[in-house]
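Novice: Right, I'll just put the structure down here and ask away after.
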Amino acid sequence: MAETNPFESLQEQLDDASEHLDVRDDVLERLKQPERVLEMTLSVEMDDGSVETFNAYRSQFNGDRGPYKGGIRYHPGVDRAEVKALSGWMVYKTAVVDIPYGGGKGGIELDPSDYSESELERITRSFAAEIRPLIGEDKDVPAPDVNTGQREMNWIKDTYETLENTTAPGVITGKALENGGSKGRVEATGRSTMFAAREVFDYLGKDLADATVAVQGYGNAGSVAANLIEDLGADVVAVSDSSGAIYDPEGFDTRHVKDFKRDTGSVAGYDGAAEEFGNDDLLTLDVDLLVPAALENAIDADLAEDVQADVVVEAANGPLTPDADDVLTEKNVHVVPDILANAGGVTVSYFEWVQNRQRFQWTEQRVNEELEAVITDAFDAMIDAYEDSDVPNLRTAAYVVAVRRVVDAYEGSGTWP
Ligand code: GLU
């Protein structure tokens, strides 16, 4: 089966939502295409003196509700279609949680484990210099995504500020605390995933404290979600990363698993529990809650037929193909979509940007409380749309809320020129 193109998935999700919205076709068409995509070839000197070239992108999808906002991904799978899709999902993510941003995304096609730290710094600074004319505190505000974090954000901030001869900490979010970052930002994506799981279990009259949980992907989003869901009393019985999956019917101490991964590089081999348990076994395990927290297209229609979880909460962006979504809807599996469940990252990015502009730092408690309010309000808005309009599932309900907000902003300001 051909790999699903994530950009086509995004467009299909918008078409599905438009059936339940009174939106003109020409306005919808605008919402299905990025405003602009910058495609770059970076030439960077390696440690041995040779020069290597890298394909890099920044897509600015829609700015009707505020500055473009979204992360920068370092991965061999980065290409134009993926970056366009991810930038579009950011538009509807910032709209569903109602923070004043548009959507953007960037990426470099590389495997960071192939490069030294000094090479990664030169690659990152080269990328920052190329995107500098496009970004800015009020224009486009990048952030971390897969395989990038505080280190890369600090380099980008420093490159921008040096070239612009100014201080502008709000040009990028996800920075280290001492470089203008926010408390709670690292945990924010996993934390909103936990809130989304808690809310949907509550809505369905189920108890998360009694639930069994499988988490696919044990990076920043997946591991924190696992920790916080375990804290609510659930048993996290299976987790995986790109090197394998582990299973324990009694439930893991998810923080020990995280320490093990930090020390050894993977979850595989933890407590000798690795053996015959693979990624597909995890995704089709008979659990109450499945949290895909890795990459796009983790579950296609065939695999969806075998999914046994009652509820799916998407910590990754785009983990279900549209066909998989249809299968799960048909099976009455409730899916809390990525644009809401993992929106904690961009929401605390917004708090970081606000703090940068105020030159004032919030406490971690304030960050977490305000995040909880944003995510529960967004969840309630999604449920209202789910119950009031004849939508088939929670994803379409979330898109109905989000597209309506973007269209209202667009129609309120008119077309230029
Ligand atoms: N990369 C994250 C996402 O996909 C965070 C984006 C941000 O903080 O701007 O939502």
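We name chains A, B, ... following the order of the structure tokens; residues begin at 1 in each chain, and ligands are numbered from 1 as shown.
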When you look at Gly180 of chain A with a cut-off of 10 Å (counting only C-alpha atoms), what residues show up, excluding the ones that are within fewer than 4 positions of it in the same chain? I need them as a count of residues only.
Specialist: 17
Novice: Extract, using only C-alpha atoms, all DNA, RNA and protein residues at most 12 Å from His256 of chain A, discarding same-chain residues fewer than 3 positions from it, and format them as a list in words.
Specialist: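 The contact residues come out as Ser223, Ala226, Asn227, Gly251, Phe252, Asp253, Asp259, Phe260, Lys261, Arg262, Asp263, Val267, Tyr270 and Asp271 of chain A.
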Novice: With N, CA and C atoms retained, could you export that selection as a compact mmCIF listing (two decimals), in the first residue's frame?
Specialist:
# COMPACT_ATOMS: atom_id res chain seq x y z
N SER A 223 6.74 10.08 26.67
CA SER A 223 7.21 9.72 28.01
C SER A 223 6.53 10.58 29.09
N ALA A 226 2.99 9.42 29.51
CA ALA A 226 2.97 8.16 30.27
C ALA A 226 3.14 8.45 31.77
N ASN A 227 4.08 9.32 32.11
CA ASN A 227 4.31 9.65 33.54
C ASN A 227 3.05 10.23 34.17
N GLY A 251 1.91 -3.27 34.52
CA GLY A 251 2.13 -1.83 34.40
C GLY A 251 3.56 -1.46 34.77
N PHE A 252 4.14 -0.54 34.02
CA PHE A 252 5.52 -0.10 34.25
C PHE A 252 5.58 1.06 35.24
N ASP A 253 6.76 1.18 35.88
CA ASP A 253 7.12 2.44 36.52
C ASP A 253 7.68 3.30 35.38
N ASP A 259 14.33 6.72 32.61
CA ASP A 259 15.75 6.74 33.01
C ASP A 259 16.53 5.70 32.21
N PHE A 260 15.90 4.51 32.03
CA PHE A 260 16.56 3.44 31.29
C PHE A 260 16.83 3.89 29.85
N LYS A 261 15.85 4.54 29.25
CA LYS A 261 16.03 5.01 27.86
C LYS A 261 17.12 6.10 27.81
N ARG A 262 17.14 6.96 28.81
CA ARG A 262 18.16 8.00 28.82
C ARG A 262 19.56 7.37 28.89
N ASP A 263 19.68 6.30 29.70
CA ASP A 263 21.00 5.68 29.89
C ASP A 263 21.41 4.79 28.73
N VAL A 267 14.04 2.00 24.88
CA VAL A 267 13.26 1.28 25.91
C VAL A 267 13.46 -0.23 25.80
N TYR A 270 14.44 -3.16 28.58
CA TYR A 270 14.09 -2.78 29.95
C TYR A 270 13.57 -4.00 30.71
N ASP A 271 14.18 -4.31 31.84
CA ASP A 271 13.77 -5.44 32.67
C ASP A 271 13.72 -6.75 31.92
Novice: Please extract the residues at most 9 Å from ligand 1, counting only C-alpha atoms and all ligand atoms, and provide them as a PyMOL selection string, using the chain letters and residue numbers of this document.
Specialist: chain A and resi 68-73+86-87+89-90+93-94+103-105+141-146+172-174+185+189+316-317+338-339+342-350
Novice: Residues of the last selection are to be written out with N, CA and C atoms, as a JSON list (two decimals), in the first residue's frame.
Specialist:
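Result file part06.json:
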[["chain", "number", "residue", "atom", "x", "y", "z"],
["A", 68, "TYR", "N", 2.56, 33.33, 12.27],
["A", 68, "TYR", "CA", 2.71, 31.89, 11.99],
["A", 68, "TYR", "C", 3.42, 31.26, 13.18],
["A", 69, "LYS", "N", 3.03, 30.04, 13.53],
["A", 69, "LYS", "CA", 3.61, 29.41, 14.72],
["A", 69, "LYS", "C", 3.74, 27.93, 14.48],
["A", 70, "GLY", "N", 4.88, 27.38, 14.82],
["A", 70, "GLY", "CA", 5.05, 25.93, 14.72],
["A", 70, "GLY", "C", 6.51, 25.53, 14.73],
["A", 71, "GLY", "N", 6.74, 24.26, 14.97],
["A", 71, "GLY", "CA", 8.07, 23.76, 15.27],
["A", 71, "GLY", "C", 8.98, 23.57, 14.06],
["A", 72, "ILE", "N", 10.19, 23.11, 14.37],
["A", 72, "ILE", "CA", 11.20, 22.76, 13.37],
["A", 72, "ILE", "C", 11.63, 21.33, 13.64],
["A", 73, "ARG", "N", 11.51, 20.50, 12.62],
["A", 73, "ARG", "CA", 11.76, 19.07, 12.77],
["A", 73, "ARG", "C", 13.07, 18.69, 12.08],
["A", 86, "LEU", "N", 2.17, 19.58, 8.25],
["A", 86, "LEU", "CA", 2.38, 19.91, 9.66],
["A", 86, "LEU", "C", 2.07, 21.39, 9.91],
["A", 87, "SER", "N", 2.38, 22.25, 8.93],
["A", 87, "SER", "CA", 2.10, 23.68, 9.11],
["A", 87, "SER", "C", 0.59, 23.93, 9.10],
["A", 89, "TRP", "N", -1.73, 21.70, 10.07],
["A", 89, "TRP", "CA", -2.28, 21.22, 11.35],
["A", 89, "TRP", "C", -2.08, 22.26, 12.44],
["A", 90, "MET", "N", -0.96, 23.02, 12.36],
["A", 90, "MET", "CA", -0.74, 24.07, 13.37],
["A", 90, "MET", "C", -1.81, 25.16, 13.31],
["A", 93, "LYS", "N", -4.74, 23.75, 15.05],
["A", 93, "LYS", "CA", -4.40, 23.52, 16.46],
["A", 93, "LYS", "C", -4.48, 24.84, 17.26],
["A", 94, "THR", "N", -3.85, 25.89, 16.74],
["A", 94, "THR", "CA", -3.89, 27.16, 17.47],
["A", 94, "THR", "C", -5.31, 27.71, 17.50],
["A", 103, "GLY", "N", -0.44, 29.34, 11.63],
["A", 103, "GLY", "CA", 0.28, 28.06, 11.66],
["A", 103, "GLY", "C", 1.44, 28.06, 10.69],
["A", 104, "GLY", "N", 2.55, 27.49, 11.13],
["A", 104, "GLY", "CA", 3.72, 27.30, 10.28],
["A", 104, "GLY", "C", 4.46, 26.05, 10.70],
["A", 105, "LYS", "N", 5.45, 25.67, 9.94],
["A", 105, "LYS", "CA", 6.30, 24.53, 10.33],
["A", 105, "LYS", "C", 7.55, 24.55, 9.49],
["A", 141, "VAL", "N", 6.98, 32.51, 14.49],
["A", 141, "VAL", "CA", 7.68, 32.16, 15.74],
["A", 141, "VAL", "C", 7.90, 30.64, 15.78],
["A", 142, "PRO", "N", 9.08, 30.17, 15.39],
["A", 142, "PRO", "CA", 9.34, 28.72, 15.42],
["A", 142, "PRO", "C", 9.47, 28.17, 16.85],
["A", 143, "ALA", "N", 9.61, 26.85, 16.93],
["A", 143, "ALA", "CA", 9.63, 26.13, 18.22],
["A", 143, "ALA", "C", 10.23, 24.75, 17.97],
["A", 144, "PRO", "N", 10.37, 23.94, 19.02],
["A", 144, "PRO", "CA", 10.88, 22.58, 18.81],
["A", 144, "PRO", "C", 9.84, 21.65, 18.18],
["A", 145, "ASP", "N", 10.32, 20.61, 17.56],
["A", 145, "ASP", "CA", 9.48, 19.51, 17.09],
["A", 145, "ASP", "C", 10.34, 18.25, 17.20],
["A", 146, "VAL", "N", 10.03, 17.22, 16.44],
["A", 146, "VAL", "CA", 10.77, 15.95, 16.55],
["A", 146, "VAL", "C", 12.28, 16.20, 16.40],
["A", 172, "ILE", "N", 11.41, 32.98, 19.11],
["A", 172, "ILE", "CA", 11.35, 31.51, 19.09],
["A", 172, "ILE", "C", 10.95, 31.05, 20.49],
["A", 173, "THR", "N", 10.24, 29.93, 20.57],
["A", 173, "THR", "CA", 9.85, 29.39, 21.88],
["A", 173, "THR", "C", 10.43, 27.99, 22.05],
["A", 174, "GLY", "N", 10.35, 27.52, 23.31],
["A", 174, "GLY", "CA", 10.96, 26.23, 23.62],
["A", 174, "GLY", "C", 12.43, 26.39, 23.99],
["A", 185, "ARG", "N", 7.36, 24.18, 29.86],
["A", 185, "ARG", "CA", 7.25, 24.02, 28.40],
["A", 185, "ARG", "C", 7.64, 22.61, 27.95],
["A", 189, "THR", "N", 3.43, 19.21, 26.16],
["A", 189, "THR", "CA", 2.72, 18.37, 25.18],
["A", 189, "THR", "C", 2.19, 17.11, 25.86],
["A", 316, "ALA", "N", 1.02, 12.43, 18.95],
["A", 316, "ALA", "CA", 1.77, 12.76, 17.73],
["A", 316, "ALA", "C", 0.91, 13.60, 16.82],
["A", 317, "ASN", "N", 1.51, 14.20, 15.80],
["A", 317, "ASN", "CA", 0.75, 14.88, 14.76],
["A", 317, "ASN", "C", 0.45, 13.88, 13.64],
["A", 338, "ASP", "N", -5.10, 15.00, 17.45],
["A", 338, "ASP", "CA", -3.83, 15.70, 17.66],
["A", 338, "ASP", "C", -3.99, 17.19, 17.89],
["A", 339, "ILE", "N", -4.80, 17.85, 17.06],
["A", 339, "ILE", "CA", -4.85, 19.32, 17.14],
["A", 339, "ILE", "C", -5.33, 19.80, 18.50],
["A", 342, "ASN", "N", -2.45, 17.31, 21.62],
["A", 342, "ASN", "CA", -1.04, 17.68, 21.80],
["A", 342, "ASN", "C", -0.82, 19.19, 21.76],
["A", 343, "ALA", "N", -1.91, 19.94, 21.85],
["A", 343, "ALA", "CA", -1.81, 21.40, 21.75],
["A", 343, "ALA", "C", -1.17, 22.05, 22.97],
["A", 344, "GLY", "N", -0.86, 21.28, 23.99],
["A", 344, "GLY", "CA", -0.20, 21.85, 25.17],
["A", 344, "GLY", "C", 1.15, 22.46, 24.82],
["A", 345, "GLY", "N", 1.85, 21.85, 23.86],
["A", 345, "GLY", "CA", 3.17, 22.38, 23.48],
["A", 345, "GLY", "C", 3.05, 23.80, 22.97],
["A", 346, "VAL", "N", 2.19, 24.01, 21.99],
["A", 346, "VAL", "CA", 2.09, 25.36, 21.43],
["A", 346, "VAL", "C", 1.41, 26.31, 22.40],
["A", 347, "THR", "N", 0.56, 25.79, 23.27],
["A", 347, "THR", "CA", -0.10, 26.67, 24.24],
["A", 347, "THR", "C", 0.93, 27.23, 25.23],
["A", 348, "VAL", "N", 1.82, 26.37, 25.72],
["A", 348, "VAL", "CA", 2.84, 26.89, 26.64],
["A", 348, "VAL", "C", 3.90, 27.69, 25.86],
["A", 349, "SER", "N", 4.08, 27.39, 24.57],
["A", 349, "SER", "CA", 4.89, 28.28, 23.74],
["A", 349, "SER", "C", 4.29, 29.68, 23.73],
["A", 350, "TYR", "N", 2.98, 29.74, 23.62],
["A", 350, "TYR", "CA", 2.30, 31.04, 23.66],
["A", 350, "TYR", "C", 2.56, 31.73, 25.01]]
Novice: List every residue of segment 119-220 of chain A that DSSP, applied to the backbone of this structure, assigns to strand (DSSP E), and report them as a PyMOL selection string.
Specialist: chain A and resi 140-144+212-216
Novice: With all heavy atoms kept, could you save the residues just selected as a tab-separated table (two decimals), in the first residue's frame?
Specialist:
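Output file part-v1.tsv is given in full below:
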chain	number	residue	atom	x	y	z
A	140	ASP	N	6.60	35.28	12.56
A	140	ASP	CA	6.61	33.82	12.49
A	140	ASP	C	7.51	33.38	13.64
A	140	ASP	O	8.66	33.83	13.74
A	140	ASP	CB	7.16	33.37	11.13
A	140	ASP	CG	7.19	31.85	10.97
A	140	ASP	OD1	6.94	31.12	11.95
A	140	ASP	OD2	7.50	31.38	9.86
A	141	VAL	N	6.98	32.51	14.49
A	141	VAL	CA	7.68	32.16	15.74
A	141	VAL	C	7.90	30.64	15.78
A	141	VAL	O	7.00	29.88	16.15
A	141	VAL	CB	6.85	32.62	16.96
A	141	VAL	CG1	7.58	32.31	18.26
A	141	VAL	CG2	6.51	34.11	16.87
A	142	PRO	N	9.08	30.17	15.39
A	142	PRO	CA	9.34	28.72	15.42
A	142	PRO	C	9.47	28.17	16.85
A	142	PRO	O	9.46	28.89	17.84
A	142	PRO	CB	10.66	28.57	14.65
A	142	PRO	CG	10.83	29.84	13.88
A	142	PRO	CD	10.18	30.90	14.74
A	143	ALA	N	9.61	26.85	16.93
A	143	ALA	CA	9.63	26.13	18.22
A	143	ALA	C	10.23	24.75	17.97
A	143	ALA	O	10.53	24.39	16.84
A	143	ALA	CB	8.19	26.01	18.74
A	144	PRO	N	10.37	23.94	19.02
A	144	PRO	CA	10.88	22.58	18.81
A	144	PRO	C	9.84	21.65	18.18
A	144	PRO	O	8.64	21.90	18.27
A	144	PRO	CB	11.20	22.09	20.24
A	144	PRO	CG	11.06	23.26	21.14
A	144	PRO	CD	10.17	24.23	20.45
A	212	THR	N	-6.01	0.56	31.46
A	212	THR	CA	-4.71	0.10	30.96
A	212	THR	C	-4.38	0.94	29.72
A	212	THR	O	-5.26	1.31	28.96
A	212	THR	CB	-4.75	-1.39	30.56
A	212	THR	OG1	-5.86	-1.60	29.67
A	212	THR	CG2	-4.89	-2.28	31.78
A	213	VAL	N	-3.07	1.20	29.57
A	213	VAL	CA	-2.65	2.19	28.57
A	213	VAL	C	-1.44	1.67	27.80
A	213	VAL	O	-0.53	1.08	28.38
A	213	VAL	CB	-2.24	3.52	29.28
A	213	VAL	CG1	-1.92	4.61	28.26
A	213	VAL	CG2	-3.33	3.99	30.25
A	214	ALA	N	-1.44	1.92	26.49
A	214	ALA	CA	-0.25	1.65	25.66
A	214	ALA	C	0.19	2.95	25.02
A	214	ALA	O	-0.64	3.73	24.54
A	214	ALA	CB	-0.58	0.62	24.58
A	215	VAL	N	1.51	3.20	25.02
A	215	VAL	CA	2.05	4.45	24.49
A	215	VAL	C	3.08	4.12	23.40
A	215	VAL	O	4.09	3.48	23.67
A	215	VAL	CB	2.73	5.29	25.60
A	215	VAL	CG1	3.30	6.59	25.03
A	215	VAL	CG2	1.75	5.59	26.74
A	216	GLN	N	2.79	4.55	22.17
A	216	GLN	CA	3.73	4.31	21.06
A	216	GLN	C	4.60	5.54	20.87
A	216	GLN	O	4.11	6.60	20.51
A	216	GLN	CB	2.96	4.02	19.76
A	216	GLN	CG	3.88	3.69	18.61
A	216	GLN	CD	3.55	4.44	17.33
A	216	GLN	OE1	2.79	5.40	17.32
A	216	GLN	NE2	4.15	4.00	16.24
Novice: What lies within 10 Å of Asp380 of chain A using only C-alpha atoms, ignoring chain neighbours under 5 positions off, as JSON, numbers by chain?
Specialist: {"A": [199, 203, 375, 385, 386]}
Novice: I need the residues from that last selection saved to file as an mmCIF file, in the first residue's frame (with N, CA and C atoms), if you can.
Specialist:
data_model
loop_
_atom_site.group_PDB
_atom_site.id
_atom_site.type_symbol
_atom_site.label_atom_id
_atom_site.label_comp_id
_atom_site.auth_asym_id
_atom_site.auth_seq_id
_atom_site.Cartn_x
_atom_site.Cartn_y
_atom_site.Cartn_z
ATOM 1 N N GLU A 199 -10.212 14.078 30.314
ATOM 2 C CA GLU A 199 -11.504 14.652 29.929
ATOM 3 C C GLU A 199 -12.339 13.673 29.121
ATOM 4 N N TYR A 203 -15.925 12.165 30.027
ATOM 5 C CA TYR A 203 -17.069 12.358 29.125
ATOM 6 C C TYR A 203 -17.755 11.018 28.815
ATOM 7 N N ILE A 375 -6.955 23.822 27.744
ATOM 8 C CA ILE A 375 -7.260 22.507 27.149
ATOM 9 C C ILE A 375 -8.684 22.065 27.516
ATOM 10 N N ALA A 385 -19.620 20.969 19.766
ATOM 11 C CA ALA A 385 -19.768 20.792 18.309
ATOM 12 C C ALA A 385 -20.149 19.340 17.985
ATOM 13 N N TYR A 386 -19.601 18.411 18.739
ATOM 14 C CA TYR A 386 -19.877 16.975 18.516
ATOM 15 C C TYR A 386 -21.352 16.679 18.778
#
Novice: Give me, please, the distance in Å between atom CA of Thr193 of chain A and atom CA of Asp281 of chain A, quoted to one decimal.
Specialist: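 Computing the Euclidean distance for atom CA of Thr193 of chain A and atom CA of Asp281 of chain A yields 22.0 Å.
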Novice: Find the residue from A:Asn165, A:Gln33, A:Gln60, A:Ser192 that sits nearest to Ala315 of chain A; use only C-alpha atoms when measuring.
Specialist: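 Residue with the minimum atom-to-atom distance to Ala315 of chain A: A:Ser192.
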Novice: Can you pull out every residue within 12 Å of Asp390 of chain A, counting only C-alpha atoms, but drop anything in the same chain fewer than 2 positions away, and send it as a VMD selection string?
Specialist: chain A and resid 16 to 17 19 to 21 383 to 388 392 to 394 396 to 397 400
Novice: If DSSP is run on the backbone, what residues of segment 33-244 of chain A are helix (DSSP H, G or I)? A reply as an NGL selection string would be ideal.
Specialist: :A and (80-96 or 112-114 or 117-131 or 150-164 or 169-171 or 177-179 or 188-203 or 208-210 or 220-231)
Novice: Grab the residues selected above and save them as a PDB file, in the first residue's frame with C-alpha atoms.
Specialist:
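Now in out31.pdb:
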ATOM      1  CA  ARG A  80       7.884  19.461   1.327  1.00  0.00           C
ATOM      2  CA  ALA A  81       4.569  17.601   1.660  1.00  0.00           C
ATOM      3  CA  GLU A  82       5.203  16.727   5.294  1.00  0.00           C
ATOM      4  CA  VAL A  83       6.169  20.276   6.269  1.00  0.00           C
ATOM      5  CA  LYS A  84       3.128  21.684   4.446  1.00  0.00           C
ATOM      6  CA  ALA A  85       0.821  19.259   6.264  1.00  0.00           C
ATOM      7  CA  LEU A  86       2.380  19.913   9.659  1.00  0.00           C
ATOM      8  CA  SER A  87       2.096  23.683   9.115  1.00  0.00           C
ATOM      9  CA  GLY A  88      -1.591  23.306   8.252  1.00  0.00           C
ATOM     10  CA  TRP A  89      -2.281  21.219  11.348  1.00  0.00           C
ATOM     11  CA  MET A  90      -0.736  24.065  13.373  1.00  0.00           C
ATOM     12  CA  VAL A  91      -3.342  26.506  11.973  1.00  0.00           C
ATOM     13  CA  TYR A  92      -6.210  24.388  13.233  1.00  0.00           C
ATOM     14  CA  LYS A  93      -4.398  23.523  16.465  1.00  0.00           C
ATOM     15  CA  THR A  94      -3.886  27.162  17.468  1.00  0.00           C
ATOM     16  CA  ALA A  95      -7.495  27.880  16.443  1.00  0.00           C
ATOM     17  CA  VAL A  96      -9.068  25.020  18.416  1.00  0.00           C
ATOM     18  CA  PRO A 112      20.775  14.220  13.769  1.00  0.00           C
ATOM     19  CA  SER A 113      22.481  11.132  15.198  1.00  0.00           C
ATOM     20  CA  ASP A 114      24.782  11.194  12.134  1.00  0.00           C
ATOM     21  CA  GLU A 117      27.213  18.723  18.150  1.00  0.00           C
ATOM     22  CA  SER A 118      29.357  21.340  16.403  1.00  0.00           C
ATOM     23  CA  GLU A 119      28.056  20.193  13.003  1.00  0.00           C
ATOM     24  CA  LEU A 120      24.471  20.413  14.274  1.00  0.00           C
ATOM     25  CA  GLU A 121      25.169  23.898  15.570  1.00  0.00           C
ATOM     26  CA  ARG A 122      26.475  25.048  12.175  1.00  0.00           C
ATOM     27  CA  ILE A 123      23.509  23.393  10.380  1.00  0.00           C
ATOM     28  CA  THR A 124      21.065  25.070  12.767  1.00  0.00           C
ATOM     29  CA  ARG A 125      22.695  28.497  12.505  1.00  0.00           C
ATOM     30  CA  SER A 126      22.737  28.218   8.716  1.00  0.00           C
ATOM     31  CA  PHE A 127      19.019  27.385   8.746  1.00  0.00           C
ATOM     32  CA  ALA A 128      18.337  30.294  11.131  1.00  0.00           C
ATOM     33  CA  ALA A 129      20.213  32.719   8.882  1.00  0.00           C
ATOM     34  CA  GLU A 130      18.205  31.547   5.839  1.00  0.00           C
ATOM     35  CA  ILE A 131      14.798  31.886   7.512  1.00  0.00           C
ATOM     36  CA  GLN A 150      16.167  23.811  23.886  1.00  0.00           C
ATOM     37  CA  ARG A 151      19.687  23.601  22.468  1.00  0.00           C
ATOM     38  CA  GLU A 152      18.571  24.239  18.892  1.00  0.00           C
ATOM     39  CA  MET A 153      16.127  26.960  19.966  1.00  0.00           C
ATOM     40  CA  ASN A 154      18.895  28.770  21.853  1.00  0.00           C
ATOM     41  CA  TRP A 155      21.144  28.661  18.742  1.00  0.00           C
ATOM     42  CA  ILE A 156      18.354  30.044  16.550  1.00  0.00           C
ATOM     43  CA  LYS A 157      17.567  32.836  19.005  1.00  0.00           C
ATOM     44  CA  ASP A 158      21.249  33.750  19.250  1.00  0.00           C
ATOM     45  CA  THR A 159      21.730  33.747  15.465  1.00  0.00           C
ATOM     46  CA  TYR A 160      18.663  35.910  14.936  1.00  0.00           C
ATOM     47  CA  GLU A 161      19.530  38.382  17.690  1.00  0.00           C
ATOM     48  CA  THR A 162      23.143  38.666  16.515  1.00  0.00           C
ATOM     49  CA  LEU A 163      22.187  39.313  12.895  1.00  0.00           C
ATOM     50  CA  GLU A 164      19.393  41.720  13.851  1.00  0.00           C
ATOM     51  CA  PRO A 169      13.526  36.354  22.921  1.00  0.00           C
ATOM     52  CA  GLY A 170       9.972  35.982  21.576  1.00  0.00           C
ATOM     53  CA  VAL A 171      11.296  35.179  18.093  1.00  0.00           C
ATOM     54  CA  LEU A 177      14.885  28.594  31.063  1.00  0.00           C
ATOM     55  CA  GLU A 178      18.052  30.700  31.389  1.00  0.00           C
ATOM     56  CA  ASN A 179      17.661  31.831  27.768  1.00  0.00           C
ATOM     57  CA  ALA A 188       3.497  20.716  28.088  1.00  0.00           C
ATOM     58  CA  THR A 189       2.721  18.365  25.181  1.00  0.00           C
ATOM     59  CA  GLY A 190       2.562  15.322  27.440  1.00  0.00           C
ATOM     60  CA  ARG A 191       0.558  17.285  29.990  1.00  0.00           C
ATOM     61  CA  SER A 192      -2.149  18.269  27.505  1.00  0.00           C
ATOM     62  CA  THR A 193      -2.270  14.656  26.310  1.00  0.00           C
ATOM     63  CA  MET A 194      -2.989  13.644  29.912  1.00  0.00           C
ATOM     64  CA  PHE A 195      -5.686  16.340  30.262  1.00  0.00           C
ATOM     65  CA  ALA A 196      -7.292  15.199  27.005  1.00  0.00           C
ATOM     66  CA  ALA A 197      -7.294  11.564  28.194  1.00  0.00           C
ATOM     67  CA  ARG A 198      -8.767  12.552  31.551  1.00  0.00           C
ATOM     68  CA  GLU A 199     -11.504  14.652  29.929  1.00  0.00           C
ATOM     69  CA  VAL A 200     -12.529  12.068  27.350  1.00  0.00           C
ATOM     70  CA  PHE A 201     -12.677   9.273  29.926  1.00  0.00           C
ATOM     71  CA  ASP A 202     -14.813  11.515  32.087  1.00  0.00           C
ATOM     72  CA  TYR A 203     -17.069  12.358  29.125  1.00  0.00           C
ATOM     73  CA  LEU A 208      -8.851   6.584  33.830  1.00  0.00           C
ATOM     74  CA  ALA A 209      -7.541   5.405  37.212  1.00  0.00           C
ATOM     75  CA  ASP A 210      -8.654   1.869  36.306  1.00  0.00           C
ATOM     76  CA  ASN A 220       9.292  14.032  24.968  1.00  0.00           C
ATOM     77  CA  ALA A 221       5.547  13.822  24.311  1.00  0.00           C
ATOM     78  CA  GLY A 222       5.063  10.082  24.919  1.00  0.00           C
ATOM     79  CA  SER A 223       7.207   9.723  28.015  1.00  0.00           C
ATOM     80  CA  VAL A 224       5.708  12.714  29.826  1.00  0.00           C
ATOM     81  CA  ALA A 225       2.175  11.637  28.884  1.00  0.00           C
ATOM     82  CA  ALA A 226       2.968   8.165  30.271  1.00  0.00           C
ATOM     83  CA  ASN A 227       4.309   9.651  33.536  1.00  0.00           C
ATOM     84  CA  LEU A 228       1.310  11.913  34.093  1.00  0.00           C
ATOM     85  CA  ILE A 229      -1.298   9.308  33.111  1.00  0.00           C
ATOM     86  CA  GLU A 230       0.389   6.842  35.488  1.00  0.00           C
ATOM     87  CA  ASP A 231       0.167   9.529  38.200  1.00  0.00           C
TER      88      ASP A 231
END
